[in-house]
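Text of data.txt (compact mmCIF, C-alpha atoms and all ligand atoms) as supplied:
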# COMPACT_ATOMS: atom_id res chain seq x y z
CA MET A 1 -27.21 67.91 33.53
CA PRO A 2 -29.48 67.79 30.46
CA ARG A 3 -33.28 68.01 30.81
CA PRO A 4 -34.36 64.84 32.60
CA ILE A 5 -36.55 63.52 29.75
CA SER A 6 -35.57 60.34 27.89
CA ALA A 7 -37.00 57.51 25.81
CA THR A 8 -35.77 54.12 26.97
CA ILE A 9 -35.73 51.45 24.28
CA SER A 10 -35.81 47.90 25.61
CA LEU A 11 -34.19 45.44 23.20
CA PRO A 12 -35.27 42.42 25.32
CA PHE A 13 -38.90 43.59 25.16
CA LEU A 14 -38.71 44.09 21.37
CA THR A 15 -37.25 40.59 21.04
CA HIS A 16 -39.96 39.24 23.36
CA ASN A 17 -42.71 40.77 21.19
CA LEU A 18 -41.29 39.21 18.05
CA ALA A 19 -41.22 35.86 19.88
CA VAL A 20 -44.90 36.34 20.87
CA VAL A 21 -45.84 36.67 17.20
CA ARG A 22 -43.56 33.85 16.08
CA ASN A 23 -44.73 31.47 18.84
CA GLN A 24 -48.37 32.04 17.94
CA LEU A 25 -47.66 31.48 14.24
CA ASP A 26 -45.69 28.34 15.15
CA ARG A 27 -48.37 26.95 17.43
CA ILE A 28 -51.28 27.46 15.03
CA SER A 29 -49.25 26.28 12.04
CA THR A 30 -48.35 23.07 13.86
CA GLU A 31 -51.99 22.57 14.85
CA HIS A 32 -53.00 22.89 11.20
CA ARG A 33 -50.05 20.87 9.91
CA ARG A 34 -48.74 23.61 7.70
CA VAL A 35 -45.60 25.62 7.25
CA ARG A 36 -45.26 28.67 9.52
CA PRO A 37 -45.51 31.95 7.61
CA LYS A 38 -42.26 33.87 7.48
CA ILE A 39 -42.03 37.20 9.26
CA TRP A 40 -41.05 40.54 7.79
CA ALA A 41 -40.42 42.70 10.86
CA VAL A 42 -41.69 46.12 9.77
CA ILE A 43 -39.19 48.80 10.79
CA LYS A 44 -40.44 51.81 8.83
CA ALA A 45 -40.49 55.26 10.43
CA ASN A 46 -37.17 54.68 12.16
CA ALA A 47 -38.56 51.43 13.58
CA TYR A 48 -41.70 53.21 14.86
CA GLY A 49 -39.45 55.65 16.70
CA HIS A 50 -37.22 52.99 18.30
CA GLY A 51 -34.18 53.45 16.01
CA ILE A 52 -33.18 51.26 13.06
CA HIS A 53 -30.02 49.95 14.70
CA ASN A 54 -31.89 48.98 17.86
CA ALA A 55 -34.46 47.15 15.74
CA LEU A 56 -31.73 45.34 13.81
CA ARG A 57 -30.29 44.00 17.05
CA ALA A 58 -33.64 43.13 18.63
CA PHE A 59 -35.18 41.51 15.56
CA ASP A 60 -32.24 39.43 14.37
CA GLN A 61 -34.49 36.34 14.49
CA ALA A 62 -36.97 37.81 11.97
CA ASP A 63 -36.94 36.22 8.52
CA GLY A 64 -36.71 39.62 6.84
CA LEU A 65 -37.17 43.35 7.36
CA ALA A 66 -39.71 45.62 5.67
CA MET A 67 -39.37 49.40 5.48
CA LEU A 68 -39.84 52.40 3.22
CA ASP A 69 -36.60 54.27 3.02
CA LEU A 70 -33.87 53.21 0.59
CA ALA A 71 -31.09 54.84 2.62
CA GLU A 72 -32.24 52.98 5.76
CA ALA A 73 -32.35 49.71 3.83
CA ILE A 74 -28.79 50.24 2.64
CA ALA A 75 -27.78 51.10 6.21
CA CYS A 76 -29.22 47.73 7.32
CA ARG A 77 -27.15 45.92 4.68
CA GLU A 78 -24.05 47.85 5.71
CA ALA A 79 -24.73 46.91 9.34
CA GLY A 80 -24.56 43.25 8.27
CA TRP A 81 -28.21 42.24 7.74
CA VAL A 82 -28.09 39.47 5.08
CA LYS A 83 -31.68 38.20 5.12
CA PRO A 84 -34.35 39.67 2.80
CA ILE A 85 -35.36 43.33 2.94
CA LEU A 86 -38.62 44.53 1.37
CA LEU A 87 -39.20 48.15 0.42
CA LEU A 88 -42.94 48.60 0.98
CA GLU A 89 -43.44 51.39 -1.57
CA GLY A 90 -40.75 50.12 -3.95
CA PHE A 91 -38.63 52.65 -5.84
CA PHE A 92 -39.61 56.22 -6.66
CA ASP A 93 -37.13 56.80 -9.48
CA ALA A 94 -35.64 54.52 -12.16
CA ALA A 95 -32.18 55.73 -11.10
CA ASP A 96 -32.61 53.88 -7.77
CA ILE A 97 -33.31 50.45 -9.27
CA ASN A 98 -29.62 49.66 -9.55
CA LEU A 99 -29.27 50.14 -5.79
CA PHE A 100 -32.06 47.59 -5.27
CA SER A 101 -30.03 45.21 -7.43
CA GLN A 102 -26.69 46.03 -5.79
CA TYR A 103 -28.01 45.63 -2.23
CA SER A 104 -30.45 42.76 -2.95
CA LEU A 105 -33.53 44.69 -1.88
CA ASP A 106 -36.97 43.35 -2.76
CA ALA A 107 -39.22 45.99 -4.34
CA THR A 108 -42.96 46.32 -4.00
CA VAL A 109 -44.24 47.11 -7.50
CA HIS A 110 -47.69 48.64 -7.29
CA CYS A 111 -48.30 50.74 -10.40
CA GLN A 112 -47.70 50.96 -14.13
CA THR A 113 -45.17 53.79 -13.71
CA GLN A 114 -42.93 51.46 -11.71
CA LEU A 115 -43.29 48.76 -14.38
CA ASP A 116 -42.24 51.32 -17.01
CA MET A 117 -39.18 52.28 -14.92
CA LEU A 118 -38.23 48.60 -14.59
CA SER A 119 -38.56 48.11 -18.35
CA ALA A 120 -36.20 50.99 -18.97
CA VAL A 121 -33.22 49.85 -16.87
CA LYS A 122 -30.38 47.34 -17.14
CA VAL A 123 -29.29 45.72 -13.89
CA ASN A 124 -26.31 43.52 -13.03
CA LYS A 125 -28.39 41.22 -10.86
CA PRO A 126 -32.18 40.65 -11.12
CA VAL A 127 -34.36 42.51 -8.60
CA ASN A 128 -36.93 40.49 -6.61
CA VAL A 129 -40.37 42.06 -6.65
CA PHE A 130 -43.65 41.74 -4.80
CA LEU A 131 -46.44 42.71 -7.18
CA LYS A 132 -49.12 44.51 -5.21
CA LEU A 133 -52.83 44.02 -5.72
CA ASN A 134 -55.45 46.52 -4.59
CA THR A 135 -58.12 44.39 -2.90
CA GLY A 136 -60.09 47.30 -1.42
CA MET A 137 -57.71 49.44 0.63
CA ASN A 138 -57.58 51.79 -2.37
CA ARG A 139 -54.12 53.05 -1.59
CA LEU A 140 -51.46 51.14 -3.55
CA GLY A 141 -51.72 48.23 -5.98
CA PHE A 142 -53.00 47.15 -9.37
CA GLU A 143 -56.74 46.71 -9.76
CA PRO A 144 -57.84 43.06 -9.83
CA ASP A 145 -58.71 43.23 -13.54
CA ARG A 146 -55.26 44.66 -14.34
CA PHE A 147 -53.29 42.22 -12.18
CA ARG A 148 -52.78 39.47 -14.78
CA SER A 149 -51.42 41.87 -17.36
CA ALA A 150 -49.07 43.39 -14.75
CA TRP A 151 -48.02 39.83 -13.91
CA ASP A 152 -47.32 39.16 -17.59
CA SER A 153 -45.16 42.29 -17.75
CA VAL A 154 -43.02 41.28 -14.76
CA THR A 155 -42.62 37.71 -15.99
CA GLY A 156 -41.42 39.23 -19.27
CA LEU A 157 -38.90 41.29 -17.29
CA GLN A 158 -37.93 38.11 -15.46
CA ARG A 159 -37.10 36.42 -18.75
CA SER A 160 -34.99 39.39 -19.81
CA GLY A 161 -33.05 39.28 -16.52
CA THR A 162 -34.30 42.49 -14.86
CA VAL A 163 -36.59 40.79 -12.36
CA GLY A 164 -35.80 37.82 -10.14
CA ARG A 165 -38.36 36.16 -7.90
CA ILE A 166 -41.92 37.45 -8.13
CA GLY A 167 -44.25 37.54 -5.13
CA LYS A 168 -47.80 38.82 -4.66
CA MET A 169 -49.02 41.10 -1.91
CA THR A 170 -51.95 43.15 -0.69
CA HIS A 171 -52.87 45.20 2.39
CA PHE A 172 -55.97 45.10 4.60
CA ALA A 173 -58.03 48.15 5.52
CA ARG A 174 -59.93 46.82 8.55
CA ALA A 175 -58.05 43.79 9.91
CA ASP A 176 -58.02 45.41 13.38
CA GLU A 177 -61.82 45.10 13.64
CA ALA A 178 -64.08 42.08 13.40
CA HIS A 179 -65.25 43.15 9.97
CA ASP A 180 -66.16 41.14 6.91
CA LEU A 181 -64.19 43.44 4.59
CA THR A 182 -61.02 41.48 5.40
CA ASN A 183 -62.57 38.22 4.24
CA ALA A 184 -63.80 39.97 1.10
CA GLN A 185 -60.27 41.31 0.48
CA ILE A 186 -58.85 37.79 0.92
CA ARG A 187 -61.34 36.44 -1.63
CA VAL A 188 -60.31 39.11 -4.14
CA PHE A 189 -56.64 38.27 -3.51
CA ALA A 190 -57.18 34.51 -3.85
CA GLU A 191 -59.09 34.94 -7.09
CA ALA A 192 -56.75 37.47 -8.73
CA THR A 193 -53.59 35.50 -7.84
CA HIS A 194 -55.04 32.01 -8.42
CA GLY A 195 -52.46 29.66 -9.94
CA LEU A 196 -49.65 32.24 -9.94
CA PRO A 197 -46.45 30.90 -8.39
CA GLY A 198 -44.21 32.63 -5.82
CA PRO A 199 -44.61 33.91 -2.26
CA ASP A 200 -47.71 35.71 -0.90
CA SER A 201 -47.87 38.52 1.65
CA MET A 202 -51.06 39.97 3.12
CA CYS A 203 -51.02 40.37 6.90
CA ASN A 204 -50.12 43.39 9.07
CA SER A 205 -50.00 43.02 12.90
CA ALA A 206 -53.75 42.73 13.34
CA ALA A 207 -54.06 40.06 10.66
CA SER A 208 -50.88 38.23 11.74
CA LEU A 209 -52.48 37.89 15.20
CA THR A 210 -55.79 36.67 13.71
CA PRO A 211 -55.02 33.12 12.55
CA ALA A 212 -58.18 32.77 10.44
CA TYR A 213 -56.77 35.39 8.06
CA TRP A 214 -53.36 33.91 7.32
CA LEU A 215 -54.75 30.36 7.45
CA SER A 216 -57.14 31.27 4.65
CA LEU A 217 -54.37 31.29 2.04
CA PRO A 218 -53.53 27.92 0.50
CA ASP A 219 -50.58 26.23 2.15
CA THR A 220 -48.88 25.64 -1.17
CA ALA A 221 -47.18 29.01 -1.39
CA GLU A 222 -44.60 30.53 0.92
CA GLN A 223 -46.40 33.17 3.00
CA TRP A 224 -44.87 36.25 4.60
CA VAL A 225 -46.66 38.21 7.33
CA ARG A 226 -45.76 41.85 8.00
CA PRO A 227 -46.22 42.72 11.67
CA GLY A 228 -45.20 46.22 12.74
CA ILE A 229 -46.91 47.86 15.71
CA CYS A 230 -47.23 44.74 17.87
CA LEU A 231 -43.45 44.25 17.77
CA TYR A 232 -43.13 47.56 19.60
CA GLY A 233 -45.59 46.52 22.32
CA SER A 234 -48.69 48.40 21.23
CA SER A 235 -51.93 46.58 20.49
CA PRO A 236 -53.25 46.76 16.93
CA PHE A 237 -56.78 46.15 18.26
CA THR A 238 -59.06 48.51 20.18
CA GLN A 239 -60.76 45.57 21.90
CA GLN A 240 -57.58 43.91 23.21
CA THR A 241 -54.85 45.55 25.25
CA SER A 242 -51.12 44.96 24.88
CA ALA A 243 -51.28 43.05 28.20
CA ASP A 244 -54.03 40.79 26.77
CA LEU A 245 -51.64 40.01 23.92
CA GLU A 246 -48.66 39.59 26.30
CA LEU A 247 -46.75 42.37 24.58
CA LYS A 248 -44.19 44.48 26.44
CA PRO A 249 -43.42 48.17 25.87
CA GLY A 250 -40.50 48.68 23.47
CA GLN A 251 -40.37 52.35 24.37
CA THR A 252 -40.76 54.07 27.74
CA LEU A 253 -41.02 57.86 27.73
CA SER A 254 -40.02 59.18 31.11
CA SER A 255 -39.05 62.43 32.77
CA ARG A 256 -39.14 64.05 36.19
CA LEU A 257 -41.03 66.57 38.27
CA ILE A 258 -39.27 69.93 37.99
CA SER A 259 -41.69 71.93 40.13
CA VAL A 260 -44.33 71.25 42.76
CA ARG A 261 -46.90 73.75 44.08
CA SER A 262 -50.23 74.09 45.83
CA ILE A 263 -53.19 75.91 44.35
CA GLY A 264 -56.52 76.91 45.81
CA PRO A 265 -60.12 76.64 44.62
CA GLY A 266 -60.79 78.78 41.54
CA GLU A 267 -57.14 78.89 40.44
CA GLY A 268 -56.38 77.84 36.87
CA VAL A 269 -53.42 75.85 35.54
CA GLY A 270 -51.30 76.63 32.48
CA TYR A 271 -52.22 78.23 29.15
CA GLY A 272 -55.86 79.12 28.76
CA HIS A 273 -56.61 78.05 32.33
CA ILE A 274 -58.57 75.18 30.83
CA PHE A 275 -58.31 73.35 34.14
CA VAL A 276 -59.55 75.19 37.24
CA ALA A 277 -59.18 73.69 40.73
CA GLU A 278 -62.39 73.13 42.66
CA GLN A 279 -60.61 72.57 45.94
CA PRO A 280 -57.08 73.02 47.33
CA MET A 281 -54.70 70.71 45.49
CA ARG A 282 -51.03 69.94 44.89
CA ILE A 283 -49.82 69.90 41.33
CA GLY A 284 -46.52 68.96 39.72
CA VAL A 285 -44.80 70.22 36.58
CA VAL A 286 -43.11 67.62 34.35
CA ALA A 287 -40.25 68.31 31.91
CA CYS A 288 -42.12 66.98 28.87
CA GLY A 289 -44.18 68.86 26.31
CA TYR A 290 -45.41 68.67 22.76
CA ALA A 291 -41.97 69.59 21.42
CA ASP A 292 -40.84 66.26 22.90
CA GLY A 293 -43.59 64.43 21.03
CA TYR A 294 -46.19 64.28 23.81
CA PRO A 295 -49.60 64.92 22.21
CA ARG A 296 -50.79 68.49 22.75
CA HIS A 297 -54.38 67.32 22.45
CA ALA A 298 -54.14 65.05 25.50
CA PRO A 299 -56.89 66.34 27.80
CA THR A 300 -57.16 66.64 31.57
CA GLY A 301 -57.47 63.10 32.89
CA THR A 302 -54.94 61.49 30.53
CA PRO A 303 -53.10 58.87 32.64
CA VAL A 304 -49.52 59.48 33.78
CA SER A 305 -47.46 57.88 36.49
CA VAL A 306 -45.58 59.84 39.18
CA ALA A 307 -43.20 58.05 41.56
CA GLY A 308 -44.84 54.80 40.53
CA VAL A 309 -48.39 56.02 41.27
CA ARG A 310 -50.96 56.48 38.54
CA THR A 311 -52.44 59.97 38.36
CA ARG A 312 -53.68 62.35 35.66
CA LEU A 313 -52.68 65.18 33.41
CA LEU A 314 -54.15 68.60 34.21
CA GLY A 315 -54.83 71.45 31.77
CA ARG A 316 -53.11 72.17 28.50
CA VAL A 317 -49.84 70.55 27.44
CA SER A 318 -47.21 73.25 26.78
CA MET A 319 -44.23 73.05 24.43
CA ASP A 320 -41.77 71.89 27.08
CA MET A 321 -43.87 71.09 30.14
CA LEU A 322 -47.06 69.54 31.32
CA THR A 323 -48.85 69.56 34.67
CA VAL A 324 -50.07 66.63 36.74
CA ASP A 325 -52.35 66.11 39.72
CA LEU A 326 -50.35 65.12 42.82
CA GLY A 327 -53.48 64.25 44.83
CA PRO A 328 -52.79 60.49 44.65
CA VAL A 329 -49.06 61.06 45.42
CA PRO A 330 -48.97 63.44 48.42
CA GLN A 331 -45.31 62.63 49.12
CA ALA A 332 -44.17 63.65 45.58
CA ARG A 333 -41.20 66.01 45.36
CA VAL A 334 -39.15 67.77 42.71
CA GLY A 335 -36.91 65.20 41.05
CA ASP A 336 -39.39 62.31 41.29
CA ASP A 337 -39.67 60.01 38.31
CA VAL A 338 -42.55 60.43 35.91
CA VAL A 339 -43.52 57.86 33.27
CA LEU A 340 -45.53 59.32 30.41
CA TRP A 341 -45.96 55.88 28.82
CA GLY A 342 -44.29 52.50 28.88
CA GLN A 343 -42.87 50.32 31.61
CA ASN A 344 -44.28 51.15 35.07
CA GLY A 345 -46.62 53.72 33.55
CA PRO A 346 -49.75 53.90 31.40
CA THR A 347 -49.50 52.09 28.07
CA VAL A 348 -48.89 54.19 24.99
CA ASP A 349 -52.30 52.96 23.81
CA GLU A 350 -54.03 54.42 26.91
CA VAL A 351 -52.39 57.81 26.36
CA ALA A 352 -53.15 57.69 22.64
CA SER A 353 -56.77 56.80 23.23
CA ALA A 354 -57.18 59.69 25.71
CA ALA A 355 -55.63 62.03 23.15
CA GLY A 356 -57.79 60.82 20.26
CA THR A 357 -54.99 59.11 18.35
CA ILE A 358 -53.25 55.73 18.12
CA GLY A 359 -50.11 54.32 19.70
CA TYR A 360 -48.40 54.34 16.29
CA GLU A 361 -48.47 58.12 16.08
CA LEU A 362 -47.08 58.66 19.57
CA LEU A 363 -44.26 56.12 19.22
CA CYS A 364 -43.16 57.61 15.88
CA ALA A 365 -43.45 61.19 17.05
CA VAL A 366 -40.97 61.24 19.93
CA ALA A 367 -38.79 64.21 19.03
CA PRO A 368 -35.11 64.00 18.06
CA ARG A 369 -34.30 66.22 21.06
CA VAL A 370 -35.35 63.40 23.43
CA PRO A 371 -32.27 61.28 24.21
CA LYS A 372 -32.70 57.55 23.61
CA LEU A 373 -31.35 55.16 26.22
CA VAL A 374 -30.97 51.56 25.15
CA VAL A 375 -31.46 48.63 27.48
CA SER A 376 -29.88 45.53 25.98
C1 LIG B 1 -46.98 49.65 8.10
C2 LIG B 1 -47.28 48.48 7.27
C3 LIG B 1 -47.39 47.22 7.86
C4 LIG B 1 -47.33 47.00 9.35
O1 LIG B 1 -48.55 47.46 9.91
P1 LIG B 1 -48.82 47.34 11.47
O2 LIG B 1 -50.25 47.73 11.60
O3 LIG B 1 -47.89 48.28 12.14
O4 LIG B 1 -48.57 45.94 11.83
C5 LIG B 1 -47.59 46.13 7.02
N1 LIG B 1 -47.67 46.30 5.69
C6 LIG B 1 -47.59 47.50 5.09
C7 LIG B 1 -47.71 47.62 3.62
C8 LIG B 1 -47.40 48.63 5.86
O5 LIG B 1 -47.32 49.84 5.28
Here is a file; write its structure as structure tokens.
Amino acid sequence: MPRPISATISLPFLTHNLAVVRNQLDRISTEHRRVRPKIWAVIKANAYGHGIHNALRAFDQADGLAMLDLAEAIACREAGWVKPILLLEGFFDAADINLFSQYSLDATVHCQTQLDMLSAVKVNKPVNVFLKLNTGMNRLGFEPDRFRSAWDSVTGLQRSGTVGRIGKMTHFARADEAHDLTNAQIRVFAEATHGLPGPDSMCNSAASLTPAYWLSLPDTAEQWVRPGICLYGSSPFTQQTSADLELKPGQTLSSRLISVRSIGPGEGVGYGHIFVAEQPMRIGVVACGYADGYPRHAPTGTPVSVAGVRTRLLGRVSMDMLTVDLGPVPQARVGDDVVLWGQNGPTVDEVASAAGTIGYELLCAVAPRVPKLVVS
């Protein structure tokens, strides 16, 4: 038998989460008598650790897919995905542009170097682009005062047959907080793109779930939202849990107890003895460590579930094991189920918050050595 650890991917839960986003967009759009924004399901980073092929099956009702990796995009086409695919960082080399053309992949174009590459190639079929504007994130995108001239360049390339449809996009820095920066970014976007035809795309998960943001764009253009993390069942907000948003865990990391022992007052646990018992206690050892993707920085007290009972991590996480308090589960024995995060355990967001990180990082970081089981 292999080590008992596994990551269970629930396709029905992934599909449910997409429906949560779509239903909310539908409901609010109907209320405001406007067209529902289309949804790019973001499946970068191997679908946030859930596997591209699992995401393809679970998100077949999305209007398009957005990702980063050209090889993964081609794999999606070869697996039969015919709806749009957007590459969020575009191409990195002029030699790849022909693959964008061949496989009908939309390219984000965010800098002059990419415009120069586009000008230098001949394609058989025009490439659709989303021209990216920097509205304050200061990561990718043309500056507002450069946007019109970049637009003129791509429309020139459209006339010469290199570029097909042209869209406009930007990315928010603080949409997960109630912060005025997002409204300021929207104003910059509206002003810089005023009167330019073609689809618009602004919203990540947090903004897709905040109607005021996507409602602020004029209804005249086709709008595409780009939810990622919420599709996997993790909340993009610190103030709202996944349960508040009715999201379900796409990924459940589980393992088993492989050892149980009793220790007395003054005895330490694991490397560094950073946890020392104050009274007699029973502890359990779980086959899961940082080499499986569990965060090494998770401190004593991080929630974990043993045999369906919530308890806590004790001491330092090792490479292949971690230790838990069996106080709340006196009947626990070797072989009992342990849920590190996901269904019937703490949420990935609770574990992330205890470890000083975010659900995104934990979901993406589950190690290749952890077998994935798929529930369909
Ligand atoms: C990752 C990403 C998204 C999705 O963000 P979430 O916070 O996971 O919803 C959207 N747009 C861009 C450009 C991204 O890089």
* **Residues within 9 Å of ligand LIG 1 (chain B), counting only C-alpha atoms and all ligand atoms, as a PyMOL selection string** => chain A and resi 40-45+48+66-68+88-89+140+169-172+175-176+201-208+225-232+236+360
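Here the question is which of A:Met319, A:Ala243, A:Met117, A:Ala75 gets nearest to Thr347 of chain A using all atoms listed in the file, and that residue is A:Ala243.
For the pair atom CA of Ala221 of chain A and atom CA of Gly156 of chain A, the interatomic distance is 21.4 Å.
The nearest approach to Leu25 of chain A among the residues A:Ala291, A:Ile39, A:Ile9, A:Met281, with all atoms listed in the file taken into account, belongs to A:Ile39.
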* Structure fact -> Across A:Leu14, A:Ala332, A:Val123, A:Met137, the smallest distance to Gly161 of chain A, with all atoms listed in the file counted, is shown by A:Val123
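Minimum distance to Val339 of chain A across A:Gly51, A:Gly198, A:Pro303, A:Gly64 (counting all atoms listed in the file) occurs at A:Pro303.
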* Shell of 9 Å around Ala94 of chain A, all atoms listed in the file, local chain residues under 4 positions omitted, as a list in words -> Asn98, Gln114, Asp116, Met117, Leu118, Ala120 and Val121 of chain A
* **Interatomic distance (Å, one decimal) between atom CA of Ser235 of chain A and atom CA of Val306 of chain A** => 23.8 Å
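Coordinates place atom CA of Val370 of chain A at a distance of 14.4 Å from atom CA of Pro295 of chain A.
For Ala287 of chain A, the set of protein, DNA and RNA residues having any atom at most 7 Å away, when counting only C-alpha atoms and skipping those fewer than 2 positions along the same chain, is A:Pro4, A:Ile5, A:Ser255, A:Arg256, A:Leu257, A:Ile258, A:Val285, A:Gly289, A:Asp320, A:Met321, A:Leu322.
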* Asked: Near Gly327 of chain A, counting all atoms listed in the file, which residues have an atom at most 9 Å away, once you skip same-chain residues fewer than 4 positions from it, shown as a PyMOL selection string?
  -> chain A and resi 281-283+311
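The nearest approach to Ser353 of chain A among the residues A:Gln279, A:Gly250, A:Val269, A:Thr238, with all atoms listed in the file taken into account, belongs to A:Thr238.
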Around the point (-50.1, 51.8, -12.6) (coordinates from the file), which residues reach within 9 Å if we count all atoms listed in the file? Answer as a compact mmCIF listing (two decimals) with C-alpha atoms, in the frame of the given file.
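As a result, point.txt now contains:
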# COMPACT_ATOMS: atom_id res chain seq x y z
CA HIS A 110 -47.69 48.64 -7.29
CA CYS A 111 -48.30 50.74 -10.40
CA GLN A 112 -47.70 50.96 -14.13
CA THR A 113 -45.17 53.79 -13.71
CA GLN A 114 -42.93 51.46 -11.71
CA LEU A 115 -43.29 48.76 -14.38
CA GLY A 141 -51.72 48.23 -5.98
CA PHE A 142 -53.00 47.15 -9.37
CA GLU A 143 -56.74 46.71 -9.76
CA ARG A 146 -55.26 44.66 -14.34
CA ALA A 150 -49.07 43.39 -14.75
* Can you tell me, as a list in words, what residues are no more than 10 Å from Val375 of chain A when counting all atoms listed in the file, ignoring any on the same chain fewer than 5 positions away? -> Thr8, Ile9, Ser10, Leu11, Pro12, Phe13, Asn54 and Gly250 of chain A
* To do: Can you work out which one of A:His297, A:Thr241, A:Gly308, A:Val329 has the shortest atom-to-atom distance to Val260 of chain A, counting all atoms listed in the file?
  => A:Val329
* Distance query His32 of chain A at most 10 Å, all atoms listed in the file, self and fewer than 5 positions along chain excluded, as an MDAnalysis selection string -> chainID A and resid 26:27 215 219
